[in-house]
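Please read the structure below before turning to the comments.
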Amino acid sequence: MTAYADLSTREAYGKVLVELGKEHKDIVVLDADLSRSTMTKYFAEKFPERFIQCGLQEQNMMSIAAGLAATGKIPFASTFAVFAACRCFDQVRVCIAQPKLNVKIVATHGGITVGEDGASHHAIEDLALYCSLPGFNVVVPADAIETVEAVKAAVAIEAPFYIRLGRPKFPAVYADGYRFQLGKAVTLREGKDATVIACGIMVSKALEAANNLASQGIDCRVVNMPTLKPLDEGAIIEAATQTGAIVVAEEHLLHGGLGSRVAQVVAREKPVPMSFIGINDIYAKSGKPDELLQKYGLTAEAIEQAVKSVLPRK
Amino acid sequence: MADLRTEAKFDLSIPELKKMAKQLRRHVITMIATAGSGHPGGSLSAADIVTALYFKVMRHDPQNTQWPDRDRFILSKGHAAPILYAALAECGYFPVEELSTLRKLGSRLQGHTDRTLTPGVEMSAGSLGQGLSFGIGIALAARLDKRDYHVYVLLGDGECEEGQIWEAAMSAPHFRIDNLTAIVDNNGIQLDGRCCDIMGLESLADKWRAFNWHVIEIDGHDMSQILQALEEAGKTKVRPTVIIAHTVKGKGVSFMENNVDFHGKAPSAQEAEIALKELA
């Protein structure tokens, strides 16, 4: 048994693929010259015959994955999130989404915590793009344990998936024994004054913000929403109804990702004051991951301020 | 003709294949005229190749569309869907009468191919350049599953302007795939004009050779040359084969032949009538 809790999400992905590969002979893994970064290298070492090195050919890789899926294989195609989303979107749309083929796209290096590589490598549009594809399941795990669970769920469900992982290690949110359910949000902390809905690296920051708010007498609910699509509308409506204010936090552009999707449900079902933490229509620059999170306002303090800003609007 | 596939259910003689190709061309004209839109030129240029594959060379069973050992035909140039639908209908994948529903609301016969709707269609296509990669995926699966099926991918020459074609062209020999044959329907015309004016492709054969493919050039309307090339492709080991089939856009209908206008324009009722007479 691999101990996953202390790993980065991409490291956890690489390790669990090997575990799953032993059990599921139909799993085939494809990578585009990034296996040492996406961590599919572990699978390649263990099952070389089922690893397809596609070189720097992301478009080719996605269409090859689709062809494999058409024969009943369970292909996992991995690269960085910027490339998985922007370099081969048409291939994903026509070869995978439209025919609903069983391809699992697991992209690492999501968001701006890629860091020093700079704007070309910061994936901040990927969730908007993948959420726009009918029939795609889009998952952003909060930590390594949830990553492992999400990857297992993707194998069990015959449908296209986009799973977005990060480069740095995320603070652990879950312990062993957690079970991920596709399309289900998880309330990590109860609260009645407002709700923070978050995904990915922002989940641990939301918990930190809620702790700080508690000491100031503000009772904040924290909901982890790892599945952006299909969305857990019930959890959103419940949060709006029971807490009367919602803040959404994500490591992505403010438009097109989790915030937009939650807002659409809130506007339709139960309008309440909302605020949004994300990247405000700008490309970030090079820097250390924590420096960038600070500079672009993706921090526990920013979430705290956002909660305080929505409360008077209730 | 030497044994191509002993298991083939469809084993027409050359005269029968020629007759069938004409029949498929008639379907193409009727379908597109009825639909009022579509791409006749590239269906007519590919008619003889598609006929040879479905009625002689490929191992397939219309009663068992998911047969794991079937040969696969991937129509990468998805706008030539009518010629594929015509072949599938004549093979018995669905009733010939259904061809008249092409492009209509509720039809299983979409403007460009949709593998979730049409029995026998292997790939959803329409955005050019993706079918060769898709075919590589299927060919690699055969190796993993120790199956001996063959994958045939039909490309347009204009389609070879897409960068992804050359990603796929580079990778298939690298993967040492020999159960894959690409066929370029080299009709020389694309939507905006002659390929040589729009984006120079020549020397196409040299390009494929440089990418380490086994290259065969044929007259894509000569049935015996088509069959010989496909047989040679089937026997070629270690690397994939590309057949560059020199064809005529709109082949078989005098006013459509080499006519850019009929890349993507339906014939009028009157034009269709003349075309069907020529194809009688």
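Ordering of the structure tokens sets the chain letters (A, B, ...); residue numbers start at 1 within each chain; ligands are numbered from 1 in the order shown.
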Chain B residues near chain A within 7 Å, closest pair each, using only C-alpha atoms, as a tab-separated table:
```
residue	atom	partner	partner_atom	distance
B:Arg115	CA	A:Pro99	CA	6.4
B:Thr116	CA	A:Pro99	CA	5.9
B:Ser124	CA	A:Pro99	CA	6.3
B:Ala125	CA	A:Val94	CA	6.7
B:Gln130	CA	A:Ser63	CA	6.3
B:Ser133	CA	A:Ile64	CA	5.0
B:Phe134	CA	A:Gly67	CA	4.4
B:Gly135	CA	A:Gly67	CA	6.1
B:Ile136	CA	A:Ile64	CA	5.9
B:Gly137	CA	A:Ile64	CA	4.1
B:Ile138	CA	A:Gly67	CA	4.9
B:Ala141	CA	A:Leu68	CA	5.9
B:Gln164	CA	A:Asn60	CA	6.2
B:Glu167	CA	A:Asn60	CA	6.1
B:Ala168	CA	A:Asn60	CA	6.0
```
- Query: Near Met170 (chain B), within 7 Å and counting only C-alpha atoms, which residues show up once chain neighbours fewer than 4 positions away are dropped, as a list in words?
  - Reply: Trp166, His174 and Phe211 of chain B
Contacts of Ala144 (chain A) at 6 Å or less, counting only C-alpha atoms, minus same-chain residues fewer than 5 places along, as a compact mmCIF listing (two decimals) with N, CA and C atoms, in the first residue's frame?
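Generated output (out04.txt):
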```
# COMPACT_ATOMS: atom_id res chain seq x y z
N ALA A 5 -1.03 10.35 1.51
CA ALA A 5 -1.40 11.63 2.14
C ALA A 5 -0.32 12.70 2.01
N LEU A 7 1.90 13.12 -0.35
CA LEU A 7 2.41 13.34 -1.70
C LEU A 7 1.77 14.57 -2.34
N SER A 8 2.41 15.07 -3.39
CA SER A 8 1.75 16.06 -4.24
C SER A 8 0.66 15.33 -5.02
N THR A 9 -0.27 16.09 -5.59
CA THR A 9 -1.37 15.44 -6.31
C THR A 9 -0.83 14.68 -7.52
N ALA A 12 0.81 11.47 -6.36
CA ALA A 12 -0.24 10.51 -5.98
C ALA A 12 -0.85 9.89 -7.23
```
- Residue neighbourhood Thr227 (chain A), 7 Å, only C-alpha atoms, exclusion window fewer than 2 positions, as a list of chain:residue names: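 Skipping anything fewer than 2 positions along the chain leaves A:Val138, A:Val139, A:Val140, A:Leu182, A:Gly183, A:Lys184, A:Met225, A:Lys229, A:Pro230, A:Leu231.
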If we count only C-alpha atoms, what is near region 251-267 of chain B at a cut-off of 6 Å, once residues fewer than 3 positions away on the same chain are taken out, given as a CSV table (one decimal) with C-alpha atoms, in the first residue's frame?
```csv
chain,number,residue,atom,x,y,z
B,32,ILE,CA,-26.9,15.0,-51.6
B,33,ALA,CA,-29.5,16.3,-54.1
B,36,GLY,CA,-29.9,20.0,-50.7
B,37,SER,CA,-26.4,20.3,-49.3
B,38,GLY,CA,-23.3,18.3,-48.9
B,39,HIS,CA,-20.0,17.5,-50.6
B,41,GLY,CA,-16.8,16.0,-55.3
B,44,LEU,CA,-17.2,10.7,-56.0
B,45,SER,CA,-13.4,10.7,-56.1
B,191,LEU,CA,-12.9,24.1,-51.1
B,193,GLY,CA,-9.5,26.0,-55.3
B,248,VAL,CA,-10.5,13.0,-60.1
B,271,GLU,CA,-28.2,18.5,-62.5
B,272,ALA,CA,-28.9,15.4,-60.4
B,275,ALA,CA,-25.7,13.0,-63.3
```
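The protein and nucleic acid residues lying at most 10 Å from Cys220 (chain A) are Arg189, Glu190, Gly191, Lys192, Asp193, Ala194, Thr195, Val196, Ala206, Leu207, Ala209, Ala210, Asn211, Asn212, Leu213, Ala214, Thr243, Ala245, Ile246, Glu304 and Val307 of chain A, with only C-alpha atoms considered and sequence neighbours fewer than 4 positions away removed.
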Okay, now the selection with C-alpha atoms, as a PDB file, in the first residue's frame?
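again_19.pdb, freshly written:
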```pdb
ATOM      1  CA  ARG A 189     -17.067  22.503   8.072  1.00  0.00           C
ATOM      2  CA  GLU A 190     -20.595  23.428   9.092  1.00  0.00           C
ATOM      3  CA  GLY A 191     -21.588  27.057   9.392  1.00  0.00           C
ATOM      4  CA  LYS A 192     -24.649  29.286   9.224  1.00  0.00           C
ATOM      5  CA  ASP A 193     -23.452  32.813   8.341  1.00  0.00           C
ATOM      6  CA  ALA A 194     -21.927  32.218   4.893  1.00  0.00           C
ATOM      7  CA  THR A 195     -20.507  29.420   2.734  1.00  0.00           C
ATOM      8  CA  VAL A 196     -17.170  29.198   0.989  1.00  0.00           C
ATOM      9  CA  ALA A 206     -10.974  28.146   2.708  1.00  0.00           C
ATOM     10  CA  LEU A 207     -10.659  26.041   5.854  1.00  0.00           C
ATOM     11  CA  ALA A 209     -10.149  31.376   6.424  1.00  0.00           C
ATOM     12  CA  ALA A 210     -13.109  29.785   8.214  1.00  0.00           C
ATOM     13  CA  ASN A 211     -10.956  29.171  11.285  1.00  0.00           C
ATOM     14  CA  ASN A 212      -9.859  32.791  11.328  1.00  0.00           C
ATOM     15  CA  LEU A 213     -13.449  33.963  10.861  1.00  0.00           C
ATOM     16  CA  ALA A 214     -14.633  31.751  13.713  1.00  0.00           C
ATOM     17  CA  THR A 243     -26.321  30.450   5.019  1.00  0.00           C
ATOM     18  CA  ALA A 245     -24.213  34.194   1.263  1.00  0.00           C
ATOM     19  CA  ILE A 246     -21.651  32.391  -0.896  1.00  0.00           C
ATOM     20  CA  GLU A 304     -11.780  36.030   4.753  1.00  0.00           C
ATOM     21  CA  VAL A 307     -16.798  36.630   3.330  1.00  0.00           C
TER      22      VAL A 307
END
```
Can you tell me, as a compact mmCIF listing (two decimals) with C-alpha atoms, in the first residue's frame, what residues are no more than 9 Å from Ala154 (chain A) when counting only C-alpha atoms, ignoring any on the same chain fewer than 3 positions away?
```
# COMPACT_ATOMS: atom_id res chain seq x y z
CA LYS A 104 -9.26 10.12 -19.02
CA ASN A 137 -16.70 15.14 -16.22
CA GLU A 149 -10.06 8.59 -5.16
CA ALA A 150 -10.97 10.66 -8.20
CA VAL A 151 -8.68 8.64 -10.46
CA ILE A 157 -17.17 5.28 -14.77
CA GLU A 158 -17.24 4.88 -18.55
CA ALA A 159 -17.16 8.51 -19.69
CA PRO A 160 -14.64 11.20 -20.60
CA PHE A 161 -12.90 12.87 -17.67
CA ILE A 163 -8.88 15.76 -13.83
CA LEU A 182 -18.44 12.09 -8.69
```
- Message: I need the residue nearest Gly21 (chain A) from this list: A:Val114, A:Val155, A:Ala3, A:Ala284. Use only C-alpha atoms for the distance.
- Response: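 That would be A:Val155, the residue with the smallest distance to Gly21 (chain A).
Of note, CA of Val238 (chain B) and CA of Gly131 (chain B) are spaced 20.8 Å apart.
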- Task: From region 221-264 of chain A, collect each residue whose DSSP state is alpha helix (DSSP H) and return the set as a PyMOL selection string.
- Result: chain A and resi 233-243+258-264
Could you produce a table of the residues of region 145-214 of chain B lying within 12 Å of region 80-96 of chain B, with the nearest pair of atoms per residue and their separation in Å rounded to one decimal, using only C-alpha atoms, ordered by chain and increasing residue number, as JSON lines?
```
{"residue": "B:Leu154", "atom": "CA", "partner": "B:Ala80", "partner_atom": "CA", "distance": 9.7}
{"residue": "B:Leu155", "atom": "CA", "partner": "B:Ala80", "partner_atom": "CA", "distance": 10.0}
{"residue": "B:Gly156", "atom": "CA", "partner": "B:Ala80", "partner_atom": "CA", "distance": 9.3}
{"residue": "B:Asp185", "atom": "CA", "partner": "B:Ala80", "partner_atom": "CA", "distance": 10.6}
```
Please produce a file of those selected residues containing N, CA and C atoms, as a short mmCIF file (atom, residue, chain, number, x, y, z; two decimals), in the first residue's frame.
```
data_model
loop_
_atom_site.label_atom_id
_atom_site.label_comp_id
_atom_site.auth_asym_id
_atom_site.auth_seq_id
_atom_site.Cartn_x
_atom_site.Cartn_y
_atom_site.Cartn_z
N LEU B 154 -8.83 6.85 -44.63
CA LEU B 154 -8.93 7.62 -45.87
C LEU B 154 -8.74 9.11 -45.58
N LEU B 155 -7.71 9.68 -46.20
CA LEU B 155 -7.39 11.10 -46.03
C LEU B 155 -7.66 11.85 -47.32
N GLY B 156 -7.95 13.13 -47.20
CA GLY B 156 -7.99 13.98 -48.37
C GLY B 156 -6.60 14.56 -48.61
N ASP B 185 -6.79 10.36 -50.89
CA ASP B 185 -7.65 10.60 -52.05
C ASP B 185 -7.14 11.89 -52.70
#
```
